[in-house]
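Student: Got a structure for you, questions after.
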Amino acid sequence: MNGSKLFGWIVVLGLVGAGAWFFVPKFRAKVQGGIDSLTEWDDEARRKDPVGYIDFSIGKLQNNIEQFESMRRSLSGAKATLEARKETTSRKLSMGEKIAAELKGAYQTAKSANQWPARAQNRDYTEAELRSQVALTLGEIEGSKGLLAQLEPHLTDLDRHLGDVGTRLAENKGRVELLKAQREMVKATKLTSETEKMLGQIQDVLVQNEAAIAKSPVRTLDEMLKEDARAQAAANPAVDAFLNG
């Protein structure tokens, strides 16, 4: 298997879990439906039925919490997959560099003495065979380096999204408890300007939640593969320069 094909295969395998995050029309419609339901509760509707709006908001927040919990589990799973792929690729890179150094030493010894075949990796190589093996090994080394370079920003993005989701979860859980307390106060007394302001803020939060849930937290596989293609195009090691350098 050549370096470019190996590189592409590793990326597809390592990142296939991200497919669960692709923004599909069915999900987009569901999110739009959630936003549409929020528009029914304008300022006047909230003033007329504050308890009804509070009950509605508690239900929406609890649903958002479930969605954020699901998102956090998926993000954690994607991170674990990429971290495992990073570790495997790092080991492959280290082994490839060790083999390349051994092949280079065997080539230079045989060339200096003009004595072939060269001995490396417990086998004999003609000059042509050794050069082909070096080309393959260097291609896999470059592929591993390219993948490691690509994994780092993805892992950074996942960490950031996990932090964002964790913050939203904590804030939404706190708002549920606040609304439960406010519901009892509104039942006992008339709607105050302070409570009305707070309900307007909750409306903003619900809209922000819907937008956050709708947004894909990782790039699509197509976008990743485009980056891979650019990385592969740049990975074109010069065998002669390596062997004779």
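Chains: A, B, ... in order of the structure tokens. Residues: from 1 per chain. Ligands: from 1, in order shown.
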Enumerate the residues of segment 87-184 of chain A with a DSSP assignment of strand (DSSP E), computed from the backbone, and present them as a PyMOL selection string.
Tutor: chain A and resi 118-120+123-125
Student: Kindly save the residues from that selection, with C-alpha atoms included, as an mmCIF file, in the first residue's frame.
Tutor:
data_model
loop_
_atom_site.group_PDB
_atom_site.id
_atom_site.type_symbol
_atom_site.label_atom_id
_atom_site.label_comp_id
_atom_site.auth_asym_id
_atom_site.auth_seq_id
_atom_site.Cartn_x
_atom_site.Cartn_y
_atom_site.Cartn_z
ATOM 1 C CA ALA A 118 22.598 -4.418 0.540
ATOM 2 C CA ARG A 119 21.450 -5.977 3.798
ATOM 3 C CA ALA A 120 18.680 -4.260 5.792
ATOM 4 C CA ARG A 123 16.759 -9.209 3.969
ATOM 5 C CA ASP A 124 18.912 -8.494 0.906
ATOM 6 C CA TYR A 125 18.037 -5.663 -1.490
#
Student: Counting only C-alpha atoms, which residues of segment 122-154 of chain A fall within 7 Å of segment 77-93 of chain A, and what is the closest atom pair for each with its distance in Å at one decimal, ordered by chain and rising number, as CSV?
Tutor:
residue,atom,partner,partner_atom,distance
A:Ile141,CA,A:Leu93,CA,5.6
A:Ser144,CA,A:Leu93,CA,5.8
A:Leu148,CA,A:Lys86,CA,6.3
A:Leu151,CA,A:Leu82,CA,6.9
Student: Calculate how many Å separate atom CA of Glu196 of chain A from atom CA of Trp41 of chain A, rounding to one decimal.
Tutor: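 These atoms are spaced 12.5 Å apart.
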Student: Using only C-alpha atoms, which of A:Val51, A:Ala45, A:Val205, A:Leu103 sits nearest Val186 of chain A?
Tutor: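 Counting only C-alpha atoms, the residue closest to Val186 of chain A is A:Val51.
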Student: Extract, using only C-alpha atoms, all DNA, RNA and protein residues at most 8 Å from Tyr107 of chain A, discarding same-chain residues fewer than 6 positions from it, and format them as a ChimeraX atom specification.
Tutor: /A:118,127,130,243
Student: Hey, can you spit out that residue selection with N, CA and C atoms as a tab-separated table (two decimals), in the first residue's frame?
Tutor:
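Result saved to result05.tsv:
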chain	number	residue	atom	x	y	z
A	118	ALA	N	22.45	-5.01	-0.79
A	118	ALA	CA	22.60	-4.42	0.54
A	118	ALA	C	21.74	-5.19	1.53
A	127	GLU	N	19.90	-2.66	-5.62
A	127	GLU	CA	19.80	-1.20	-5.53
A	127	GLU	C	18.39	-0.74	-5.91
A	130	LEU	N	15.95	-1.54	-3.13
A	130	LEU	CA	16.12	-0.69	-1.95
A	130	LEU	C	15.55	0.70	-2.21
A	243	LEU	N	18.58	9.69	0.18
A	243	LEU	CA	19.61	8.65	0.23
A	243	LEU	C	21.02	9.21	0.19
Student: Using only C-alpha atoms, which protein or nucleic acid residues come within 10 Å of Met198 of chain A? Drop anything in the same chain fewer than 5 positions from it, and give the result as a VMD selection string.
Tutor: chain A and resid 179 182 192 to 193 203 to 204
